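Colleague: My structure file model_19.cif, mmCIF, C-alpha atoms, is below:
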data_coords
loop_
_atom_site.label_atom_id
_atom_site.label_comp_id
_atom_site.auth_asym_id
_atom_site.auth_seq_id
_atom_site.Cartn_x
_atom_site.Cartn_y
_atom_site.Cartn_z
CA MET A 1 17.35 -24.55 -68.44
CA VAL A 2 20.80 -25.67 -69.36
CA PRO A 3 22.20 -28.68 -67.57
CA ALA A 4 24.66 -26.65 -65.52
CA LEU A 5 21.93 -24.38 -64.13
CA ARG A 6 19.70 -27.34 -63.33
CA SER A 7 22.52 -28.87 -61.33
CA ALA A 8 23.13 -25.62 -59.40
CA SER A 9 19.46 -25.27 -58.61
CA ARG A 10 19.27 -28.79 -57.16
CA HIS A 11 22.23 -28.10 -54.86
CA ALA A 12 20.81 -24.74 -53.63
CA LEU A 13 17.39 -26.02 -52.48
CA PRO A 14 18.54 -27.55 -49.17
CA GLY A 15 20.03 -24.23 -48.14
CA TYR A 16 16.73 -22.45 -48.76
CA ALA A 17 14.95 -25.06 -46.65
CA VAL A 18 17.33 -24.50 -43.75
CA LEU A 19 16.74 -20.77 -43.89
CA LEU A 20 12.96 -21.30 -43.95
CA VAL A 21 13.06 -23.54 -40.85
CA LEU A 22 15.19 -21.01 -38.97
CA ALA A 23 12.78 -18.23 -39.82
CA LEU A 24 9.82 -20.26 -38.57
CA LEU A 25 11.61 -20.99 -35.27
CA VAL A 26 12.33 -17.32 -34.72
CA LEU A 27 8.73 -16.38 -35.40
CA THR A 28 7.44 -19.10 -33.05
CA GLY A 29 9.75 -17.99 -30.26
CA CYS A 30 8.61 -14.41 -30.62
CA SER A 31 4.98 -15.51 -30.45
CA GLN A 32 5.55 -17.54 -27.27
CA SER A 33 7.49 -14.69 -25.68
CA ALA A 34 4.66 -12.30 -26.41
CA THR A 35 2.15 -14.74 -24.91
CA ALA A 36 4.25 -15.23 -21.78
CA THR A 37 4.62 -11.54 -21.14
CA ARG A 38 1.01 -10.65 -21.93
CA PRO A 39 -0.61 -9.14 -18.79
CA PRO A 40 -3.56 -11.04 -17.17
CA ASN A 41 -7.07 -10.26 -18.29
CA PRO A 42 -8.14 -7.31 -16.12
CA THR A 43 -11.78 -8.46 -16.29
CA GLN A 44 -11.06 -11.84 -14.62
CA ALA A 45 -12.51 -11.78 -11.06
CA PRO A 46 -10.29 -12.97 -8.15
CA ALA A 47 -11.33 -16.12 -6.29
CA PRO A 48 -13.86 -15.32 -3.52
CA THR A 49 -12.51 -15.26 0.02
CA THR A 50 -15.88 -15.75 1.74
CA ARG A 51 -19.15 -17.62 1.21
CA THR A 52 -22.50 -17.90 2.99
CA VAL A 53 -24.60 -20.74 4.36
CA VAL A 54 -28.07 -20.75 5.88
CA ASP A 55 -28.12 -22.61 9.19
CA LEU A 56 -30.99 -24.62 10.68
CA ALA A 57 -32.23 -21.57 12.57
CA GLY A 58 -32.68 -19.77 9.24
CA ARG A 59 -29.71 -17.45 9.82
CA THR A 60 -27.40 -16.50 6.95
CA VAL A 61 -23.80 -16.94 8.10
CA THR A 62 -20.72 -15.62 6.31
CA LEU A 63 -17.76 -18.01 6.38
CA PRO A 64 -14.25 -18.15 4.92
CA ALA A 65 -14.12 -19.77 1.51
CA HIS A 66 -12.11 -22.61 3.05
CA VAL A 67 -12.78 -23.67 6.64
CA ASP A 68 -9.83 -25.31 8.40
CA ARG A 69 -10.54 -24.58 12.11
CA VAL A 70 -13.83 -25.75 13.62
CA GLY A 71 -15.35 -25.57 17.10
CA THR A 72 -18.32 -27.52 18.52
CA ASN A 73 -20.27 -27.14 21.74
CA TYR A 74 -21.94 -30.56 21.66
CA PRO A 75 -20.17 -33.97 21.56
CA ALA A 76 -22.57 -35.44 18.99
CA VAL A 77 -21.33 -32.90 16.46
CA ASN A 78 -17.78 -34.16 16.96
CA GLN A 79 -18.99 -37.55 15.75
CA ILE A 80 -20.54 -35.92 12.70
CA VAL A 81 -17.38 -33.97 11.88
CA TYR A 82 -15.34 -37.17 12.30
CA MET A 83 -17.73 -39.11 10.06
CA LEU A 84 -17.43 -36.44 7.37
CA GLY A 85 -13.63 -36.55 7.41
CA GLY A 86 -13.03 -33.26 9.24
CA ALA A 87 -11.83 -34.36 12.69
CA ASP A 88 -8.36 -32.90 12.17
CA ARG A 89 -9.99 -29.47 11.86
CA LEU A 90 -11.51 -29.58 15.36
CA VAL A 91 -9.86 -26.94 17.55
CA ALA A 92 -12.48 -26.45 20.30
CA THR A 93 -15.09 -28.63 21.99
CA SER A 94 -16.89 -29.19 25.29
CA GLN A 95 -15.43 -30.33 28.59
CA GLY A 96 -15.48 -34.02 29.40
CA THR A 97 -15.85 -35.13 25.79
CA ALA A 98 -12.92 -37.55 25.72
CA ALA A 99 -13.72 -39.01 29.14
CA GLN A 100 -17.39 -39.43 28.25
CA PHE A 101 -16.65 -41.21 24.97
CA PRO A 102 -13.56 -43.35 25.51
CA PHE A 103 -14.22 -45.45 22.43
CA PHE A 104 -14.11 -42.31 20.27
CA GLU A 105 -10.77 -41.43 21.85
CA SER A 106 -9.43 -44.93 21.19
CA LEU A 107 -10.13 -44.47 17.47
CA TYR A 108 -9.04 -40.84 17.39
CA PRO A 109 -6.50 -40.17 20.17
CA ARG A 110 -6.21 -36.47 19.31
CA LEU A 111 -9.69 -36.00 20.82
CA LYS A 112 -8.25 -35.72 24.34
CA ASP A 113 -5.92 -32.89 23.25
CA ILE A 114 -8.56 -30.61 21.72
CA PRO A 115 -9.09 -27.49 23.88
CA THR A 116 -12.38 -27.40 25.79
CA PRO A 117 -13.62 -23.80 26.14
CA PHE A 118 -17.24 -25.01 26.28
CA GLY A 119 -18.62 -26.32 29.56
CA ALA A 120 -20.30 -29.68 29.93
CA ALA A 121 -23.57 -27.73 29.67
CA THR A 122 -24.02 -26.62 26.08
CA THR A 123 -24.79 -23.02 27.11
CA ASP A 124 -21.48 -22.33 28.89
CA VAL A 125 -18.41 -20.91 27.17
CA ASN A 126 -15.12 -19.35 28.21
CA ILE A 127 -15.02 -16.78 25.45
CA GLU A 128 -11.35 -15.85 25.96
CA ALA A 129 -10.31 -19.50 25.76
CA LEU A 130 -12.44 -19.96 22.66
CA VAL A 131 -10.93 -16.94 20.91
CA ALA A 132 -7.46 -18.33 21.65
CA THR A 133 -8.26 -21.43 19.56
CA LYS A 134 -8.90 -19.17 16.51
CA PRO A 135 -11.96 -21.02 15.15
CA GLN A 136 -13.23 -20.00 11.73
CA VAL A 137 -16.68 -21.37 12.58
CA VAL A 138 -18.39 -22.87 15.63
CA PHE A 139 -21.29 -25.32 15.44
CA VAL A 140 -23.79 -25.00 18.29
CA SER A 141 -26.88 -27.02 19.11
CA SER A 142 -29.23 -24.11 19.79
CA ASN A 143 -29.65 -20.39 19.30
CA THR A 144 -28.86 -18.95 22.73
CA ALA A 145 -27.23 -15.91 24.30
CA MET A 146 -23.95 -17.75 23.79
CA VAL A 147 -24.33 -17.22 20.04
CA THR A 148 -24.51 -13.45 20.53
CA LYS A 149 -21.43 -13.58 22.75
CA MET A 150 -19.41 -15.41 20.10
CA GLN A 151 -20.62 -13.14 17.32
CA SER A 152 -19.55 -10.10 19.36
CA VAL A 153 -15.92 -11.23 19.06
CA GLY A 154 -16.20 -11.99 15.36
CA ILE A 155 -16.64 -15.77 15.45
CA PRO A 156 -19.08 -17.10 12.83
CA VAL A 157 -21.67 -19.38 14.44
CA VAL A 158 -23.70 -22.06 12.66
CA VAL A 159 -26.77 -23.21 14.61
CA LEU A 160 -27.80 -26.82 14.11
CA ALA A 161 -30.79 -28.37 15.92
CA ALA A 162 -31.77 -30.83 18.62
CA PHE A 163 -32.01 -33.58 15.96
CA ASN A 164 -35.37 -34.87 17.15
CA ASP A 165 -36.10 -36.81 13.97
CA PRO A 166 -34.17 -38.32 11.04
CA ASP A 167 -34.94 -35.41 8.73
CA GLN A 168 -33.45 -32.90 11.19
CA LEU A 169 -30.42 -35.11 11.64
CA LYS A 170 -29.84 -35.52 7.92
CA ALA A 171 -30.29 -31.78 7.35
CA GLY A 172 -27.76 -31.05 10.08
CA ILE A 173 -25.22 -33.47 8.67
CA LYS A 174 -25.69 -31.99 5.20
CA LEU A 175 -25.10 -28.51 6.63
CA VAL A 176 -21.93 -29.58 8.43
CA GLY A 177 -20.76 -31.17 5.18
CA ASP A 178 -21.42 -27.98 3.23
CA VAL A 179 -19.41 -25.96 5.77
CA LEU A 180 -16.47 -28.38 5.73
CA GLY A 181 -16.36 -28.64 1.95
CA ASN A 182 -13.95 -30.89 0.01
CA ASP A 183 -15.49 -34.38 -0.05
CA ALA A 184 -17.65 -33.81 3.04
CA PRO A 185 -20.85 -33.04 1.07
CA ALA A 186 -20.52 -36.33 -0.81
CA ARG A 187 -20.00 -38.16 2.49
CA ALA A 188 -23.11 -36.48 3.93
CA GLN A 189 -25.18 -37.55 0.95
CA ARG A 190 -23.92 -41.12 1.26
CA PHE A 191 -24.91 -41.10 4.94
CA SER A 192 -28.46 -39.90 4.19
CA GLN A 193 -28.90 -42.64 1.61
CA TYR A 194 -27.65 -45.21 4.10
CA TYR A 195 -29.98 -43.99 6.86
CA ASP A 196 -33.00 -43.98 4.54
CA ALA A 197 -32.18 -47.49 3.36
CA ASN A 198 -32.08 -48.80 6.95
CA ILE A 199 -35.43 -47.21 7.77
CA ALA A 200 -37.00 -48.67 4.63
CA ARG A 201 -35.48 -52.09 5.28
CA VAL A 202 -37.05 -52.30 8.71
CA ALA A 203 -40.38 -50.76 7.70
CA SER A 204 -40.93 -53.42 5.07
CA LYS A 205 -41.28 -56.04 7.83
CA VAL A 206 -42.83 -54.19 10.77
CA LYS A 207 -45.32 -51.88 9.05
CA ASP A 208 -48.14 -54.44 9.14
CA ILE A 209 -47.82 -55.31 12.85
CA PRO A 210 -51.10 -54.26 14.55
CA THR A 211 -50.66 -51.60 17.21
CA ALA A 212 -51.99 -53.93 19.87
CA SER A 213 -49.25 -56.42 19.03
CA GLN A 214 -46.43 -53.93 19.20
CA PRO A 215 -44.41 -54.14 22.44
CA LYS A 216 -44.52 -51.30 24.96
CA VAL A 217 -41.04 -49.79 25.24
CA TYR A 218 -39.65 -47.56 27.96
CA TYR A 219 -36.43 -45.63 27.33
CA THR A 220 -34.36 -44.31 30.22
CA ALA A 221 -31.15 -42.34 30.62
CA GLY A 222 -29.19 -41.15 33.63
CA ASN A 223 -31.46 -42.93 36.11
CA PRO A 224 -34.46 -45.25 35.75
CA LEU A 225 -37.02 -42.49 36.21
CA GLN A 226 -35.77 -40.17 33.43
CA THR A 227 -37.28 -40.66 30.00
CA GLU A 228 -38.12 -39.01 26.68
CA GLY A 229 -41.50 -38.89 25.00
CA LYS A 230 -43.41 -37.41 22.12
CA GLY A 231 -41.39 -35.33 19.66
CA SER A 232 -38.11 -37.06 20.49
CA ILE A 233 -35.95 -39.11 18.14
CA VAL A 234 -36.29 -41.83 20.80
CA THR A 235 -39.97 -42.18 19.94
CA VAL A 236 -39.08 -42.23 16.24
CA TRP A 237 -36.72 -45.19 16.43
CA ILE A 238 -38.99 -47.10 18.82
CA ASN A 239 -41.79 -46.73 16.26
CA GLU A 240 -39.43 -47.59 13.38
CA GLY A 241 -38.46 -50.78 15.21
CA GLY A 242 -42.08 -51.84 15.57
CA GLY A 243 -42.63 -50.72 19.16
CA ARG A 244 -44.60 -48.10 21.10
CA ASN A 245 -43.00 -45.51 23.36
CA ILE A 246 -45.09 -45.99 26.47
CA ALA A 247 -44.05 -42.60 27.86
CA ALA A 248 -45.20 -40.81 24.71
CA GLU A 249 -48.49 -42.70 24.76
CA ASN A 250 -49.05 -41.44 28.28
CA GLY A 251 -48.54 -37.78 27.45
CA VAL A 252 -44.80 -37.28 28.08
CA THR A 253 -43.44 -34.54 25.84
CA ALA A 254 -39.92 -33.80 26.91
CA PRO A 255 -37.35 -33.60 24.10
CA PRO A 256 -34.50 -32.82 24.05
CA THR A 257 -34.33 -32.77 27.87
CA PHE A 258 -35.79 -35.45 30.11
CA ALA A 259 -39.08 -35.93 31.88
CA THR A 260 -39.16 -37.54 35.31
CA VAL A 261 -41.74 -40.15 36.19
CA SER A 262 -42.51 -41.81 39.51
CA PRO A 263 -41.65 -45.43 40.30
CA GLU A 264 -45.35 -46.15 40.68
CA THR A 265 -46.03 -44.79 37.20
CA LEU A 266 -43.31 -46.94 35.64
CA VAL A 267 -44.69 -50.04 37.35
CA GLN A 268 -48.19 -49.16 36.18
CA TRP A 269 -47.03 -48.72 32.59
CA ASN A 270 -45.49 -52.22 32.78
CA PRO A 271 -43.29 -51.97 29.66
CA ASP A 272 -42.37 -55.10 27.71
CA PHE A 273 -38.90 -53.71 26.98
CA ILE A 274 -36.69 -51.25 28.84
CA VAL A 275 -33.85 -49.66 26.86
CA CYS A 276 -31.20 -47.98 29.01
CA ARG A 277 -28.83 -45.44 27.53
CA ASP A 278 -26.25 -46.14 30.23
CA PRO A 279 -24.93 -49.42 31.70
CA ALA A 280 -25.31 -48.02 35.23
CA THR A 281 -29.01 -47.41 34.62
CA LYS A 282 -29.58 -51.06 33.74
CA ASN A 283 -27.99 -52.04 37.04
CA GLN A 284 -30.31 -49.68 38.89
CA VAL A 285 -33.38 -51.08 37.14
CA LEU A 286 -32.45 -54.67 37.89
CA GLN A 287 -31.48 -54.01 41.49
CA ASP A 288 -34.54 -51.98 42.49
CA PRO A 289 -37.10 -54.30 44.15
CA ARG A 290 -39.93 -51.96 43.12
CA PHE A 291 -39.42 -52.93 39.46
CA ARG A 292 -39.39 -56.72 39.83
CA THR A 293 -42.98 -57.10 38.65
CA ILE A 294 -42.42 -55.18 35.42
CA ALA A 295 -42.68 -57.46 32.38
CA ALA A 296 -39.38 -56.26 30.92
CA VAL A 297 -37.53 -57.14 34.13
CA ARG A 298 -39.33 -60.45 34.57
CA ASP A 299 -38.68 -61.53 30.96
CA ASN A 300 -35.04 -60.36 30.85
CA HIS A 301 -35.87 -57.64 28.31
CA VAL A 302 -33.79 -54.86 29.87
CA PHE A 303 -31.13 -53.77 27.36
CA ILE A 304 -28.25 -51.32 27.25
CA ASN A 305 -28.42 -49.28 24.08
CA PRO A 306 -25.34 -49.75 21.88
CA GLN A 307 -22.72 -47.02 21.94
CA GLY A 308 -19.68 -46.50 19.74
CA VAL A 309 -18.22 -43.14 18.86
CA PHE A 310 -21.51 -41.78 20.22
CA VAL A 311 -24.69 -43.23 21.71
CA TRP A 312 -26.90 -44.66 18.97
CA SER A 313 -30.18 -43.71 20.62
CA VAL A 314 -29.86 -39.93 20.40
CA ARG A 315 -28.71 -37.20 18.04
CA SER A 316 -25.64 -38.37 16.13
CA GLY A 317 -24.82 -40.10 12.88
CA GLU A 318 -24.69 -43.46 14.62
CA SER A 319 -28.46 -43.12 15.06
CA ALA A 320 -28.65 -44.60 11.55
CA LEU A 321 -27.90 -47.99 13.12
CA GLU A 322 -30.63 -47.69 15.76
CA PRO A 323 -33.65 -48.74 13.63
CA LEU A 324 -31.87 -51.99 12.77
CA TRP A 325 -30.98 -52.73 16.38
CA ALA A 326 -34.46 -51.81 17.67
CA ALA A 327 -36.23 -54.00 15.13
CA LYS A 328 -33.89 -56.94 15.80
CA THR A 329 -34.36 -56.49 19.57
CA PHE A 330 -38.17 -56.13 19.57
CA HIS A 331 -38.91 -58.65 16.79
CA PRO A 332 -36.03 -61.13 16.45
CA ASP A 333 -38.28 -63.61 14.67
CA LEU A 334 -38.85 -61.13 11.81
CA PHE A 335 -35.15 -60.48 11.30
CA PRO A 336 -33.33 -63.82 11.51
CA ASP A 337 -30.82 -62.77 8.83
CA LEU A 338 -30.03 -59.36 10.31
CA ASP A 339 -26.50 -59.64 11.71
CA MET A 340 -25.80 -56.55 13.81
CA ARG A 341 -22.09 -57.33 14.01
CA LYS A 342 -21.83 -57.19 10.22
CA GLU A 343 -23.94 -54.03 10.12
CA VAL A 344 -21.70 -52.24 12.63
CA GLN A 345 -18.55 -53.39 10.88
CA ASN A 346 -19.89 -52.11 7.57
CA PHE A 347 -20.79 -48.73 9.10
CA TYR A 348 -17.34 -48.26 10.62
CA GLN A 349 -15.54 -49.27 7.45
CA THR A 350 -17.75 -47.05 5.28
CA PHE A 351 -17.86 -43.90 7.40
CA TYR A 352 -14.69 -44.07 9.54
CA SER A 353 -12.43 -46.24 7.34
CA HIS A 354 -11.87 -48.40 10.41
CA THR A 355 -12.05 -52.19 10.71
CA LEU A 356 -13.31 -53.19 14.15
CA THR A 357 -11.86 -56.05 16.15
CA ASP A 358 -14.17 -58.62 17.70
CA GLN A 359 -13.52 -57.04 21.10
CA GLN A 360 -14.46 -53.61 19.80
CA LEU A 361 -17.66 -54.98 18.30
CA ASP A 362 -18.52 -56.56 21.63
CA SER A 363 -18.00 -53.30 23.50
CA ILE A 364 -20.22 -51.38 21.05
CA LEU A 365 -23.13 -53.82 20.99
CA ASN A 366 -22.87 -54.75 24.67
CA PRO A 367 -21.43 -51.77 26.54
CA PRO A 368 -19.70 -53.09 29.68
CA GLN A 369 -21.44 -52.54 32.99
CA SER A 370 -19.37 -51.02 35.76
#
In structure tokens, write the structure found in this file.
Modeller:
Amino acid sequence: MVPALRSASRHALPGYAVLLVLALLVLTGCSQSATATRPPNPTQAPAPTTRTVVDLAGRTVTLPAHVDRVGTNYPAVNQIVYMLGGADRLVATSQGTAAQFPFFESLYPRLKDIPTPFGAATTDVNIEALVATKPQVVFVSSNTAMVTKMQSVGIPVVVLAAFNDPDQLKAGIKLVGDVLGNDAPARAQRFSQYYDANIARVASKVKDIPTASQPKVYYTAGNPLQTEGKGSIVTVWINEGGGRNIAAENGVTAPPTFATVSPETLVQWNPDFIVCRDPATKNQVLQDPRFRTIAAVRDNHVFINPQGVFVWSVRSGESALEPLWAAKTFHPDLFPDLDMRKEVQNFYQTFYSHTLTDQQLDSILNPPQS
């Protein structure tokens, strides 16, 4: 090539490069435009709007894919929903809940404003008032005619159980977590691990205590002559704590309701410990002259069971603390390093994200007597 042509060629190359870049930009823009306007894949299935769960009565229940409005007919389930992070979804509960559990209300003031279409008895419901709350699911404690009534107006009902042992309780909490979704299942799993760890921790020290050396324990609720026996979670935690339920040993089988015994029978049983669900019941035990000869009264071993968001002794997530308290109460010498104040604080921080004051800890571990 002659020098003049070489010079022209060198000057023309940048122009060709510019044209090439412009062409590539046009082609890219056309490709993106075609992608943006391409219709969706007709074979892609839409997100499901419903799902099913199997409740503890073995019933398959169809629920919305996302549950945002929940009803309960039993106060213990409110504690479970709260523990699993779903309290803001509660739209219906039973009458007297806030008044019966003032500490719960102090932590969660909205509790007093939740409509109460369910009566204080778990089998009563004002169906019109319940429908007005628009629940997407209602948790109930048993499979009764009330379930049929709710189903007849299109309300999905999930039956739980009486929670008469830790396995039932953990299964119920897992089920509530599955219904609530989001992070609730993970919270439920964390709770089960915590409960199991407490049971194992206590068992490691009380399992070798001979039966004859285990204290006789009498549990009472409502009045001194009402108790629970064989088949109740009360018997479970008494045994876990290294004691013997004297009512169960004497043939009482009355969960989840109560059995009534005579004053003479209670004196004859002569329990070493009396655990009262209610502060008023402790007063009645101590003030009744018929009970003065009972070992528990004589030795100052009459205790009020702790109570926080719910009573520890029966049928709620706070039952996970009960084996620790029972073991520490019945066998303090075996658990010198078990600090119940620290245990309660840890539970409330872990499961409620709440740091308790010293006054709140006092009221939980030593419920005030009226």
Colleague: How many Å lie between atom CA of A:Gly154 and atom CA of A:Arg89, rounded to one decimal?
Modeller: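 About the pair atom CA of A:Gly154 and atom CA of A:Arg89: they are 18.9 Å apart.
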Colleague: Between atom CA of A:Lys170 and atom CA of A:Pro256, what distance in Å does the model show, to one decimal?
Modeller: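 Between atom CA of A:Lys170 and atom CA of A:Pro256 the gap works out to 17.0 Å.
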Colleague: Would you mind reading off the distance between atom CA of A:Lys205 and atom CA of A:Pro166, one decimal, in Å?
Modeller: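 Atom CA of A:Lys205 sits 19.4 Å away from atom CA of A:Pro166.
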Colleague: Taking all atoms of stretch 322-327 of chain A that appear in the file, build a box with edges along x, y and z, extend it by 6 Å on every side, and state its centre and edge lengths in Å to one decimal, as lines of an AutoDock Vina configuration file.
Modeller:
center_x = -33.4
center_y = -50.8
center_z = 15.2
size_x = 17.6
size_y = 18.3
size_z = 16.9
Colleague: Compare A:Leu169, A:Val302, A:Ala327, A:Ile155 by their minimum atom-to-atom distance to A:Ser204, counting only C-alpha atoms, and give me the closest one.
Modeller: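 Answer, going by the shortest atom-to-atom distance: A:Ala327.
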Colleague: Ranking A:Pro367, A:Gly119, A:Pro109, A:Gly241 by minimum distance to A:Val202 and counting only C-alpha atoms, which one comes first?
Modeller: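 Using only C-alpha atoms, A:Val202 sits closest to A:Gly241.
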Colleague: Which of these residues is nearest to A:Val153, using only C-alpha atoms: A:Ala171, A:Val140, A:Val54, A:Ala132?
Modeller: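 Among the listed residues, the smallest separation from A:Val153 belongs to A:Ala132.
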Colleague: Which one is closest to A:Gly58: A:Ala161, A:Ile233, A:Glu264, A:Phe101? Count all atoms listed in the file.
Modeller: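 Going through A:Ala161, A:Ile233, A:Glu264, A:Phe101 one by one, the smallest distance to A:Gly58 is for A:Ala161.
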Colleague: Output the residue selection produced by the PyMOL selection byres ((chain A and resi 138) around 10) on the file above, formatted as an mmCIF file with C-alpha atoms, in the coordinates of the input.
Modeller:
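After the write, result10.cif holds the following:
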data_model
loop_
_atom_site.group_PDB
_atom_site.id
_atom_site.type_symbol
_atom_site.label_atom_id
_atom_site.label_comp_id
_atom_site.auth_asym_id
_atom_site.auth_seq_id
_atom_site.Cartn_x
_atom_site.Cartn_y
_atom_site.Cartn_z
ATOM 1 C CA ARG A 69 -10.540 -24.580 12.110
ATOM 2 C CA VAL A 70 -13.830 -25.750 13.620
ATOM 3 C CA GLY A 71 -15.350 -25.570 17.100
ATOM 4 C CA THR A 72 -18.320 -27.520 18.520
ATOM 5 C CA ASN A 73 -20.270 -27.140 21.740
ATOM 6 C CA LEU A 90 -11.510 -29.580 15.360
ATOM 7 C CA VAL A 91 -9.860 -26.940 17.550
ATOM 8 C CA ALA A 92 -12.480 -26.450 20.300
ATOM 9 C CA THR A 93 -15.090 -28.630 21.990
ATOM 10 C CA LEU A 130 -12.440 -19.960 22.660
ATOM 11 C CA PRO A 135 -11.960 -21.020 15.150
ATOM 12 C CA GLN A 136 -13.230 -20.000 11.730
ATOM 13 C CA VAL A 137 -16.680 -21.370 12.580
ATOM 14 C CA PHE A 139 -21.290 -25.320 15.440
ATOM 15 C CA VAL A 140 -23.790 -25.000 18.290
ATOM 16 C CA VAL A 147 -24.330 -17.220 20.040
ATOM 17 C CA MET A 150 -19.410 -15.410 20.100
ATOM 18 C CA ILE A 155 -16.640 -15.770 15.450
ATOM 19 C CA PRO A 156 -19.080 -17.100 12.830
ATOM 20 C CA VAL A 157 -21.670 -19.380 14.440
ATOM 21 C CA VAL A 158 -23.700 -22.060 12.660
ATOM 22 C CA VAL A 159 -26.770 -23.210 14.610
#
Colleague: I'd like to know which of A:Gln44, A:Tyr352, A:Thr357, A:Asn143 is closest to A:Gly85, using all atoms listed in the file.
Modeller: A:Tyr352
Colleague: Could you check the closest approach to A:Leu361 for each of A:Ala65, A:Asn126, A:Thr260, A:Phe103 and tell me which residue wins, using all atoms listed in the file?
Modeller: A:Phe103
Colleague: The PyMOL selection byres ((chain A and resi 259) around 9) on the file shown: which residues, as a PyMOL selection string?
Modeller: chain A and resi 225-229+252-255+257-258+260-261
Colleague: For this file, the PyMOL selection byres ((chain A and resi 243) around 9) selects which residues, as a PyMOL selection string?
Modeller: chain A and resi 211+213-217+235+237-242+244-245+326-327+330
